[in-house]
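Just below is one structure, and these are the notes that go with it.
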Amino acid sequence: MELTPFIQRFRERFAEVEAQLSAPDAFANVQRGQELTREHARLRELVESGDAYLRTVSELAANRALRDAEPAGSEMAVLASEEIARLEPELSRLEAQVQEGILPPSPTDSRNSILELRGAAGGDESALFAADLLRMYQRYAESQGWKFEVLDLSPSDLGGCKEAVVSVTGRDVFKRLKYESGVHRVQRVPATEAQGRIHTSTVTVAVLPEAAEVDVVIKPEDLEINVCRASGHGGQGVNTTDSAVRVFHRPSGIEVRCQDGRSQQKNKAQALTVLRSRLLERKVAEENARYAAERKSQVGTGERSEKSRTYNFPQNRVTDHRIDLTLYNLSAVMDGDLDPLIGPLMADSIRRKLEELR
(Lines give C-alpha, C1' and ligand atoms only; values in the text may rest on other atoms or scores of the structure.)
Protein backbone atom coordinates (compact mmCIF):
# COMPACT_ATOMS: atom_id res chain seq x y z
CA MET A 1 0.00 0.00 0.00
CA GLU A 2 1.31 3.43 -0.97
CA LEU A 3 1.30 5.46 2.25
CA THR A 4 2.55 8.85 1.01
CA PRO A 5 -0.95 10.21 0.14
CA PHE A 6 -2.22 9.27 3.60
CA ILE A 7 0.76 10.96 5.29
CA GLN A 8 0.00 14.12 3.32
CA ARG A 9 -3.62 13.98 4.52
CA PHE A 10 -2.39 13.68 8.11
CA ARG A 11 -0.33 16.86 7.60
CA GLU A 12 -3.25 18.76 6.10
CA ARG A 13 -5.69 17.75 8.81
CA PHE A 14 -3.09 18.50 11.49
CA ALA A 15 -2.75 22.05 10.13
CA GLU A 16 -6.55 22.45 10.11
CA VAL A 17 -6.94 21.28 13.71
CA GLU A 18 -4.03 23.46 14.83
CA ALA A 19 -5.71 26.48 13.26
CA GLN A 20 -9.03 25.66 14.95
CA LEU A 21 -7.31 25.33 18.34
CA SER A 22 -5.66 28.71 17.83
CA ALA A 23 -9.02 30.44 17.33
CA PRO A 24 -10.18 32.65 20.25
CA ASP A 25 -13.39 30.63 20.67
CA ALA A 26 -11.72 27.22 20.46
CA PHE A 27 -12.97 26.24 23.92
CA ALA A 28 -16.31 28.04 23.88
CA ASN A 29 -17.71 24.54 23.61
CA VAL A 30 -15.62 22.65 26.18
CA GLN A 31 -16.42 19.19 24.82
CA ARG A 32 -15.53 20.25 21.28
CA GLY A 33 -12.30 21.79 22.52
CA GLN A 34 -11.32 18.58 24.28
CA GLU A 35 -12.07 16.54 21.16
CA LEU A 36 -9.86 18.85 19.07
CA THR A 37 -7.07 18.60 21.63
CA ARG A 38 -7.16 14.80 21.53
CA GLU A 39 -7.25 14.79 17.72
CA HIS A 40 -4.34 17.25 17.63
CA ALA A 41 -2.21 14.97 19.82
CA ARG A 42 -3.10 11.92 17.73
CA LEU A 43 -2.33 13.70 14.43
CA ARG A 44 0.97 15.06 15.75
CA GLU A 45 2.12 11.49 16.43
CA LEU A 46 0.92 10.35 13.01
CA VAL A 47 2.73 13.17 11.22
CA GLU A 48 5.93 12.39 13.15
CA SER A 49 5.59 8.68 12.36
CA GLY A 50 4.85 9.48 8.71
CA ASP A 51 7.92 11.71 8.36
CA ALA A 52 10.07 9.06 10.04
CA TYR A 53 8.62 6.43 7.71
CA LEU A 54 9.49 8.44 4.59
CA ARG A 55 13.03 9.11 5.88
CA THR A 56 13.52 5.41 6.59
CA VAL A 57 12.25 4.45 3.12
CA SER A 58 14.80 6.83 1.59
CA GLU A 59 17.67 5.62 3.80
CA LEU A 60 16.84 1.99 3.11
CA ALA A 61 16.78 2.56 -0.66
CA ALA A 62 20.14 4.37 -0.50
CA ASN A 63 21.78 1.58 1.51
CA ARG A 64 20.42 -1.12 -0.78
CA ALA A 65 21.78 0.75 -3.80
CA LEU A 66 25.16 1.13 -2.09
CA ARG A 67 25.29 -2.56 -1.16
CA ASP A 68 24.48 -3.63 -4.70
CA ALA A 69 27.02 -1.23 -6.22
CA GLU A 70 29.94 -2.33 -4.05
CA PRO A 71 31.87 -5.61 -4.43
CA ALA A 72 30.46 -8.38 -2.27
CA GLY A 73 32.30 -8.59 1.05
CA SER A 74 33.82 -5.13 0.79
CA GLU A 75 33.77 -2.87 3.84
CA MET A 76 31.16 -0.54 2.35
CA ALA A 77 28.93 -3.46 1.32
CA VAL A 78 29.13 -4.93 4.83
CA LEU A 79 28.33 -1.58 6.45
CA ALA A 80 25.38 -1.09 4.09
CA SER A 81 24.09 -4.58 4.88
CA GLU A 82 24.29 -3.88 8.62
CA GLU A 83 22.37 -0.65 8.14
CA ILE A 84 19.74 -2.46 6.08
CA ALA A 85 19.33 -5.03 8.85
CA ARG A 86 18.71 -2.18 11.30
CA LEU A 87 16.37 -0.19 9.07
CA GLU A 88 14.07 -3.01 7.87
CA PRO A 89 12.40 -3.76 11.24
CA GLU A 90 12.19 -0.02 11.94
CA LEU A 91 10.39 0.48 8.63
CA SER A 92 7.92 -2.29 9.48
CA ARG A 93 7.20 -0.66 12.85
CA LEU A 94 6.64 2.77 11.34
CA GLU A 95 4.55 1.33 8.51
CA ALA A 96 2.23 -0.29 11.07
CA GLN A 97 1.85 3.02 12.92
CA VAL A 98 0.93 4.89 9.74
CA GLN A 99 -1.47 2.16 8.62
CA GLU A 100 -3.15 2.24 12.02
CA GLY A 101 -3.73 5.97 11.58
CA ILE A 102 -5.61 5.34 8.33
CA LEU A 103 -8.29 3.44 10.24
CA PRO A 104 -10.87 5.39 12.25
CA PRO A 105 -9.93 5.14 15.94
CA SER A 106 -12.00 2.72 17.99
CA PRO A 107 -14.02 4.53 20.68
CA THR A 108 -12.95 1.94 23.27
CA ASP A 109 -9.21 1.96 22.55
CA SER A 110 -8.56 4.92 24.85
CA ARG A 111 -10.51 3.39 27.72
CA ASN A 112 -9.06 1.92 30.87
CA SER A 113 -9.58 -1.82 31.28
CA ILE A 114 -10.81 -4.47 33.64
CA LEU A 115 -8.52 -7.50 33.50
CA GLU A 116 -9.92 -10.82 34.72
CA LEU A 117 -7.82 -13.98 35.21
CA ARG A 118 -9.31 -17.31 36.21
CA GLY A 119 -7.70 -20.70 36.67
CA ALA A 120 -9.33 -23.17 34.29
CA ALA A 121 -8.07 -26.68 33.47
CA GLY A 122 -5.28 -28.01 35.66
CA GLY A 123 -6.28 -27.49 39.27
CA ASP A 124 -3.51 -26.19 41.56
CA GLU A 125 -1.06 -25.72 38.68
CA SER A 126 -3.60 -23.59 36.84
CA ALA A 127 -3.95 -21.34 39.89
CA LEU A 128 -0.16 -21.06 40.19
CA PHE A 129 0.14 -20.03 36.55
CA ALA A 130 -2.67 -17.50 36.99
CA ALA A 131 -0.54 -15.89 39.71
CA ASP A 132 2.44 -15.87 37.32
CA LEU A 133 0.34 -14.17 34.63
CA LEU A 134 -0.90 -11.64 37.16
CA ARG A 135 2.71 -10.68 37.94
CA MET A 136 3.50 -10.59 34.21
CA TYR A 137 0.71 -8.09 33.54
CA GLN A 138 1.67 -6.01 36.56
CA ARG A 139 5.23 -5.70 35.29
CA TYR A 140 4.00 -4.86 31.79
CA ALA A 141 1.72 -2.16 33.22
CA GLU A 142 4.67 -0.71 35.14
CA SER A 143 6.75 -0.59 31.95
CA GLN A 144 3.94 1.32 30.23
CA GLY A 145 3.45 3.76 33.09
CA TRP A 146 -0.04 2.45 33.84
CA LYS A 147 -1.71 2.11 37.22
CA PHE A 148 -2.36 -1.51 38.19
CA GLU A 149 -4.88 -2.07 40.98
CA VAL A 150 -6.09 -5.49 42.16
CA LEU A 151 -9.80 -5.20 42.90
CA ASP A 152 -10.49 -8.80 43.90
CA LEU A 153 -8.23 -11.78 44.53
CA SER A 154 -9.09 -15.37 45.47
CA PRO A 155 -5.83 -17.09 46.54
CA SER A 156 -5.24 -20.83 46.31
CA ASP A 157 -3.72 -23.01 49.01
CA LEU A 158 -0.32 -23.24 47.28
CA GLY A 159 0.19 -19.52 46.73
CA GLY A 160 -1.53 -19.22 43.37
CA CYS A 161 -4.77 -17.43 42.61
CA LYS A 162 -8.02 -19.02 41.57
CA GLU A 163 -9.36 -15.71 40.31
CA ALA A 164 -8.17 -12.11 40.05
CA VAL A 165 -9.92 -8.95 38.91
CA VAL A 166 -7.70 -5.96 38.16
CA SER A 167 -8.23 -2.36 37.13
CA VAL A 168 -5.61 -1.02 34.69
CA THR A 169 -5.65 2.71 34.03
CA GLY A 170 -3.50 4.82 31.74
CA ARG A 171 -3.10 5.84 28.14
CA ASP A 172 -4.35 3.43 25.43
CA VAL A 173 -4.74 0.57 27.93
CA PHE A 174 -7.51 -1.31 26.12
CA LYS A 175 -5.88 -0.63 22.76
CA ARG A 176 -2.95 -2.85 23.76
CA LEU A 177 -4.33 -5.22 26.38
CA LYS A 178 -7.36 -6.34 24.36
CA TYR A 179 -5.12 -8.79 22.47
CA GLU A 180 -4.47 -10.67 25.73
CA SER A 181 -8.04 -12.00 25.88
CA GLY A 182 -8.37 -15.74 25.46
CA VAL A 183 -7.13 -19.06 26.85
CA HIS A 184 -3.48 -19.08 27.95
CA ARG A 185 -1.98 -22.57 28.06
CA VAL A 186 1.12 -23.49 30.06
CA GLN A 187 3.33 -26.54 29.60
CA ARG A 188 5.82 -27.13 32.42
CA VAL A 189 6.79 -29.39 35.29
CA PRO A 190 4.69 -28.24 38.26
CA ALA A 191 6.36 -27.68 41.62
CA THR A 192 4.05 -30.38 42.98
CA GLU A 193 5.17 -32.98 40.41
CA ALA A 194 7.49 -35.53 42.02
CA GLN A 195 8.33 -37.52 38.86
CA GLY A 196 9.28 -34.59 36.62
CA ARG A 197 6.40 -34.95 34.18
CA ILE A 198 5.28 -31.99 32.10
CA HIS A 199 1.71 -30.92 32.76
CA THR A 200 -0.58 -28.81 30.62
CA SER A 201 -2.89 -26.31 32.32
CA THR A 202 -4.88 -23.28 31.24
CA VAL A 203 -5.90 -19.86 32.51
CA THR A 204 -8.62 -17.73 30.96
CA VAL A 205 -7.94 -14.03 30.51
CA ALA A 206 -10.69 -11.52 29.75
CA VAL A 207 -9.95 -7.87 29.00
CA LEU A 208 -12.97 -5.58 29.05
CA PRO A 209 -13.05 -1.85 28.34
CA GLU A 210 -14.01 0.00 31.48
CA ALA A 211 -17.70 0.91 31.45
CA ALA A 212 -18.03 4.53 30.42
CA GLU A 213 -20.11 6.85 32.54
CA VAL A 214 -23.53 6.46 31.04
CA ASP A 215 -25.04 9.77 29.98
CA VAL A 216 -28.77 9.72 29.44
CA VAL A 217 -29.87 12.09 26.71
CA ILE A 218 -33.59 12.72 26.52
CA LYS A 219 -34.77 14.28 23.29
CA PRO A 220 -37.76 16.60 23.63
CA GLU A 221 -39.41 15.07 20.58
CA ASP A 222 -39.39 11.67 22.31
CA LEU A 223 -41.53 12.96 25.18
CA GLU A 224 -45.27 13.16 25.55
CA ILE A 225 -46.08 15.50 28.45
CA ASN A 226 -49.57 16.00 29.82
CA VAL A 227 -50.76 18.07 32.73
CA CYS A 228 -53.81 17.24 34.77
CA ARG A 229 -55.44 17.95 38.08
CA ALA A 230 -53.82 16.26 41.00
CA SER A 231 -55.92 13.57 42.66
CA GLY A 232 -56.13 12.49 46.27
CA HIS A 233 -56.03 14.53 49.40
CA GLY A 234 -55.32 18.16 48.74
CA GLY A 235 -55.95 21.41 50.37
CA GLN A 236 -54.92 24.91 49.53
CA GLY A 237 -55.21 24.21 45.81
CA VAL A 238 -53.13 21.01 45.36
CA ASN A 239 -56.05 19.18 43.75
CA THR A 240 -57.81 22.26 42.42
CA THR A 241 -55.19 23.27 39.83
CA ASP A 242 -53.65 21.50 36.83
CA SER A 243 -50.31 20.82 38.57
CA ALA A 244 -49.88 17.05 38.13
CA VAL A 245 -47.57 16.03 35.28
CA ARG A 246 -47.49 12.80 33.28
CA VAL A 247 -44.39 12.16 31.17
CA PHE A 248 -44.31 9.33 28.64
CA HIS A 249 -40.99 8.39 26.95
CA ARG A 250 -41.93 6.89 23.60
CA PRO A 251 -38.69 4.96 22.75
CA SER A 252 -38.62 3.10 26.06
CA GLY A 253 -42.32 3.01 26.90
CA ILE A 254 -41.58 4.36 30.38
CA GLU A 255 -44.30 6.48 31.94
CA VAL A 256 -43.79 8.73 34.98
CA ARG A 257 -46.45 10.67 36.87
CA CYS A 258 -45.63 13.26 39.48
CA GLN A 259 -48.12 15.23 41.54
CA ASP A 260 -46.43 15.74 44.89
CA GLY A 261 -45.58 19.38 44.34
CA ARG A 262 -48.04 22.21 43.99
CA SER A 263 -46.08 23.72 41.09
CA GLN A 264 -46.48 22.32 37.61
CA GLN A 265 -42.86 23.19 36.81
CA LYS A 266 -41.62 21.44 39.94
CA ASN A 267 -43.63 18.32 39.16
CA LYS A 268 -42.31 18.32 35.60
CA ALA A 269 -38.70 18.60 36.81
CA GLN A 270 -39.25 15.79 39.31
CA ALA A 271 -40.86 13.58 36.67
CA LEU A 272 -37.92 14.11 34.31
CA THR A 273 -35.51 13.29 37.13
CA VAL A 274 -37.33 10.01 37.78
CA LEU A 275 -37.37 9.25 34.05
CA ARG A 276 -33.60 9.82 33.76
CA SER A 277 -33.00 7.55 36.73
CA ARG A 278 -35.07 4.77 35.22
CA LEU A 279 -33.40 5.12 31.82
CA LEU A 280 -29.97 5.09 33.47
CA GLU A 281 -30.82 1.94 35.40
CA ARG A 282 -31.98 0.22 32.20
CA LYS A 283 -28.94 1.30 30.21
CA VAL A 284 -26.47 0.17 32.86
CA ALA A 285 -28.21 -3.23 33.05
CA GLU A 286 -27.98 -3.60 29.26
CA GLU A 287 -24.28 -2.62 29.27
CA ASN A 288 -23.51 -5.09 32.06
CA ALA A 289 -25.29 -7.86 30.13
CA ARG A 290 -23.28 -6.97 27.01
CA TYR A 291 -19.99 -7.14 28.96
CA ALA A 292 -20.96 -10.53 30.38
CA ALA A 293 -21.65 -11.82 26.86
CA GLU A 294 -18.38 -10.32 25.59
CA ARG A 295 -16.38 -12.02 28.35
CA LYS A 296 -17.96 -15.38 27.55
CA SER A 297 -17.09 -15.00 23.87
CA GLN A 298 -13.48 -14.12 24.76
CA VAL A 299 -12.57 -17.01 27.03
CA GLY A 300 -14.75 -19.91 25.86
CA THR A 301 -14.77 -22.83 28.28
CA GLY A 302 -11.07 -22.74 29.16
CA GLU A 303 -10.37 -26.27 27.92
CA ARG A 304 -6.80 -27.20 26.93
CA SER A 305 -7.81 -27.49 23.27
CA GLU A 306 -9.01 -23.87 23.29
CA LYS A 307 -5.86 -21.79 23.29
CA SER A 308 -4.76 -18.40 22.08
CA ARG A 309 -1.22 -18.67 23.45
CA THR A 310 1.05 -21.43 24.76
CA TYR A 311 3.88 -20.94 27.25
CA ASN A 312 6.33 -23.87 27.04
CA PHE A 313 8.83 -23.59 29.89
CA PRO A 314 11.16 -26.53 29.02
CA GLN A 315 11.84 -24.96 25.60
CA ASN A 316 11.74 -21.30 26.79
CA ARG A 317 9.13 -20.88 24.04
CA VAL A 318 5.95 -18.84 23.71
CA THR A 319 3.62 -19.32 20.75
CA ASP A 320 0.67 -17.15 19.82
CA HIS A 321 -1.60 -19.41 17.81
CA ARG A 322 -3.73 -16.59 16.38
CA ILE A 323 -0.90 -15.38 14.15
CA ASP A 324 1.41 -18.44 14.25
CA LEU A 325 4.12 -16.44 16.03
CA THR A 326 6.77 -18.30 18.06
CA LEU A 327 9.39 -16.58 20.20
CA TYR A 328 12.15 -18.15 22.27
CA ASN A 329 12.20 -15.54 25.02
CA LEU A 330 9.66 -16.91 27.48
CA SER A 331 11.62 -15.74 30.52
CA ALA A 332 11.52 -12.13 29.24
CA VAL A 333 7.80 -12.41 28.45
CA MET A 334 7.00 -13.64 31.95
CA ASP A 335 8.97 -10.65 33.24
CA GLY A 336 6.54 -8.32 31.46
CA ASP A 337 8.12 -7.88 28.03
CA LEU A 338 4.89 -8.30 26.06
CA ASP A 339 5.47 -5.85 23.22
CA PRO A 340 7.14 -8.49 20.96
CA LEU A 341 3.79 -10.33 21.12
CA ILE A 342 1.32 -7.44 21.23
CA GLY A 343 3.01 -5.51 18.41
CA PRO A 344 2.57 -8.27 15.77
CA LEU A 345 -1.00 -8.91 16.97
CA MET A 346 -1.83 -5.24 16.49
CA ALA A 347 -0.19 -5.24 13.05
CA ASP A 348 -2.19 -8.30 12.01
CA SER A 349 -5.43 -6.70 13.19
CA ILE A 350 -4.65 -3.51 11.25
CA ARG A 351 -3.81 -5.50 8.11
CA ARG A 352 -7.09 -7.39 8.22
CA LYS A 353 -9.10 -4.21 8.78
CA LEU A 354 -7.36 -2.49 5.86
CA GLU A 355 -8.16 -5.46 3.63
CA GLU A 356 -11.83 -5.09 4.57
CA LEU A 357 -11.74 -1.43 3.47
CA ARG A 358 -10.39 -2.25 0.01
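The chains in the C-alpha coordinates are called A, B, ... from first to last as shown; in each chain the residues are counted from 1, and the ligands are counted from 1 in the order shown.
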- Message: Considering only alpha helix (DSSP H) as DSSP defines it on the backbone, what residues of stretch 23-231 of chain A qualify? List them as an NGL selection string.
- Response: :A and (30-69 or 75-102 or 124-144 or 173-177)
Would you kindly return, as a PDB file with N, CA and C atoms, in the first residue's frame, each protein, DNA or RNA residue with an atom no farther than 9 Å from any atom of stretch 49-66 of chain A, considering only C-alpha atoms and excluding same-chain residues fewer than 5 positions away?
```pdb
ATOM      1  N   LEU A   3       1.703   4.717   1.057  1.00  0.00           N
ATOM      2  CA  LEU A   3       1.299   5.456   2.248  1.00  0.00           C
ATOM      3  C   LEU A   3       1.497   6.969   2.134  1.00  0.00           C
ATOM      4  N   THR A   4       2.255   7.415   1.122  1.00  0.00           N
ATOM      5  CA  THR A   4       2.553   8.849   1.008  1.00  0.00           C
ATOM      6  C   THR A   4       1.299   9.722   0.953  1.00  0.00           C
ATOM      7  N   PHE A   6      -1.597   9.238   2.281  1.00  0.00           N
ATOM      8  CA  PHE A   6      -2.216   9.275   3.601  1.00  0.00           C
ATOM      9  C   PHE A   6      -1.412  10.171   4.550  1.00  0.00           C
ATOM     10  N   ILE A   7      -0.088  10.124   4.439  1.00  0.00           N
ATOM     11  CA  ILE A   7       0.761  10.965   5.285  1.00  0.00           C
ATOM     12  C   ILE A   7       0.504  12.435   4.983  1.00  0.00           C
ATOM     13  N   GLN A   8       0.305  12.750   3.696  1.00  0.00           N
ATOM     14  CA  GLN A   8      -0.004  14.124   3.316  1.00  0.00           C
ATOM     15  C   GLN A   8      -1.351  14.562   3.889  1.00  0.00           C
ATOM     16  N   PHE A  10      -2.633  13.453   6.676  1.00  0.00           N
ATOM     17  CA  PHE A  10      -2.391  13.685   8.109  1.00  0.00           C
ATOM     18  C   PHE A  10      -1.864  15.105   8.320  1.00  0.00           C
ATOM     19  N   ARG A  44      -0.444  14.718  15.601  1.00  0.00           N
ATOM     20  CA  ARG A  44       0.970  15.060  15.753  1.00  0.00           C
ATOM     21  C   ARG A  44       1.822  13.785  15.710  1.00  0.00           C
ATOM     22  N   MET A  76      32.348  -1.357   2.569  1.00  0.00           N
ATOM     23  CA  MET A  76      31.159  -0.538   2.348  1.00  0.00           C
ATOM     24  C   MET A  76      29.909  -1.407   2.193  1.00  0.00           C
ATOM     25  N   ALA A  77      30.068  -2.558   1.506  1.00  0.00           N
ATOM     26  CA  ALA A  77      28.926  -3.456   1.325  1.00  0.00           C
ATOM     27  C   ALA A  77      28.485  -4.043   2.656  1.00  0.00           C
ATOM     28  N   LEU A  79      28.953  -2.652   5.672  1.00  0.00           N
ATOM     29  CA  LEU A  79      28.327  -1.577   6.445  1.00  0.00           C
ATOM     30  C   LEU A  79      26.904  -1.303   5.967  1.00  0.00           C
ATOM     31  N   ALA A  80      26.718  -1.322   4.655  1.00  0.00           N
ATOM     32  CA  ALA A  80      25.384  -1.095   4.092  1.00  0.00           C
ATOM     33  C   ALA A  80      24.429  -2.212   4.499  1.00  0.00           C
ATOM     34  N   SER A  81      24.935  -3.441   4.497  1.00  0.00           N
ATOM     35  CA  SER A  81      24.095  -4.582   4.883  1.00  0.00           C
ATOM     36  C   SER A  81      23.690  -4.492   6.357  1.00  0.00           C
ATOM     37  N   GLU A  83      23.350  -1.730   8.040  1.00  0.00           N
ATOM     38  CA  GLU A  83      22.365  -0.648   8.143  1.00  0.00           C
ATOM     39  C   GLU A  83      20.994  -1.110   7.637  1.00  0.00           C
ATOM     40  N   ILE A  84      20.998  -1.913   6.597  1.00  0.00           N
ATOM     41  CA  ILE A  84      19.737  -2.459   6.075  1.00  0.00           C
ATOM     42  C   ILE A  84      19.056  -3.337   7.127  1.00  0.00           C
ATOM     43  N   LEU A  87      17.463  -1.026   9.580  1.00  0.00           N
ATOM     44  CA  LEU A  87      16.369  -0.194   9.074  1.00  0.00           C
ATOM     45  C   LEU A  87      15.103  -0.983   8.739  1.00  0.00           C
ATOM     46  N   GLU A  88      15.243  -2.241   8.301  1.00  0.00           N
ATOM     47  CA  GLU A  88      14.068  -3.006   7.867  1.00  0.00           C
ATOM     48  C   GLU A  88      13.037  -3.201   8.982  1.00  0.00           C
ATOM     49  N   GLU A  90      12.676  -1.360  11.603  1.00  0.00           N
ATOM     50  CA  GLU A  90      12.194  -0.015  11.943  1.00  0.00           C
ATOM     51  C   GLU A  90      11.149   0.444  10.934  1.00  0.00           C
ATOM     52  N   LEU A  91      11.371   0.112   9.657  1.00  0.00           N
ATOM     53  CA  LEU A  91      10.394   0.475   8.630  1.00  0.00           C
ATOM     54  C   LEU A  91       9.075  -0.255   8.856  1.00  0.00           C
ATOM     55  N   SER A  92       9.146  -1.518   9.219  1.00  0.00           N
ATOM     56  CA  SER A  92       7.921  -2.288   9.485  1.00  0.00           C
ATOM     57  C   SER A  92       7.147  -1.688  10.646  1.00  0.00           C
ATOM     58  N   ARG A  93       7.850  -1.263  11.685  1.00  0.00           N
ATOM     59  CA  ARG A  93       7.195  -0.662  12.851  1.00  0.00           C
ATOM     60  C   ARG A  93       6.504   0.645  12.476  1.00  0.00           C
ATOM     61  N   LEU A  94       7.208   1.483  11.742  1.00  0.00           N
ATOM     62  CA  LEU A  94       6.640   2.774  11.342  1.00  0.00           C
ATOM     63  C   LEU A  94       5.489   2.590  10.364  1.00  0.00           C
ATOM     64  N   GLU A  95       5.626   1.624   9.468  1.00  0.00           N
ATOM     65  CA  GLU A  95       4.553   1.333   8.513  1.00  0.00           C
ATOM     66  C   GLU A  95       3.275   0.944   9.244  1.00  0.00           C
ATOM     67  N   GLN A  97       2.391   1.836  12.260  1.00  0.00           N
ATOM     68  CA  GLN A  97       1.847   3.016  12.918  1.00  0.00           C
ATOM     69  C   GLN A  97       1.065   3.886  11.942  1.00  0.00           C
ATOM     70  N   VAL A  98       1.614   4.077  10.747  1.00  0.00           N
ATOM     71  CA  VAL A  98       0.926   4.894   9.742  1.00  0.00           C
ATOM     72  C   VAL A  98      -0.361   4.207   9.284  1.00  0.00           C
TER      73      VAL A  98
END
```
- Message: For A:Ser154, find every residue with an atom within 6 Å (counting only C-alpha atoms), except residues of its own chain fewer than 5 positions away, and show them as a list in words.
- Response: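 Non-adjacent residues within range: Cys161, Lys162 and Glu163 of chain A.
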- Task: Name the residues in contact with stretch 200-208 of chain A at a cut-off of 7 Å, using only C-alpha atoms, excluding same-chain residues fewer than 2 positions from it; report them as an MDAnalysis selection string.
- Result: chainID A and resid 113:122 125:126 130 177:178 180:188 198 210 295 298:299 302 304
- Query: So which residues of stretch 8-123 of chain A fall under strand (DSSP E or B) by DSSP, listed as a list in words?
  - Reply: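 For stretch 8-123 of chain A, the strand (DSSP E or B) set is Ser113, Ile114, Leu115, Glu116, Leu117, Arg118 and Gly119 of chain A.
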- Could you check which of A:Gly101, A:Pro314, A:Pro340, A:Gly33 is closest to A:Glu18, using only C-alpha atoms?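 Under the stated criterion, the closest residue is A:Gly33.
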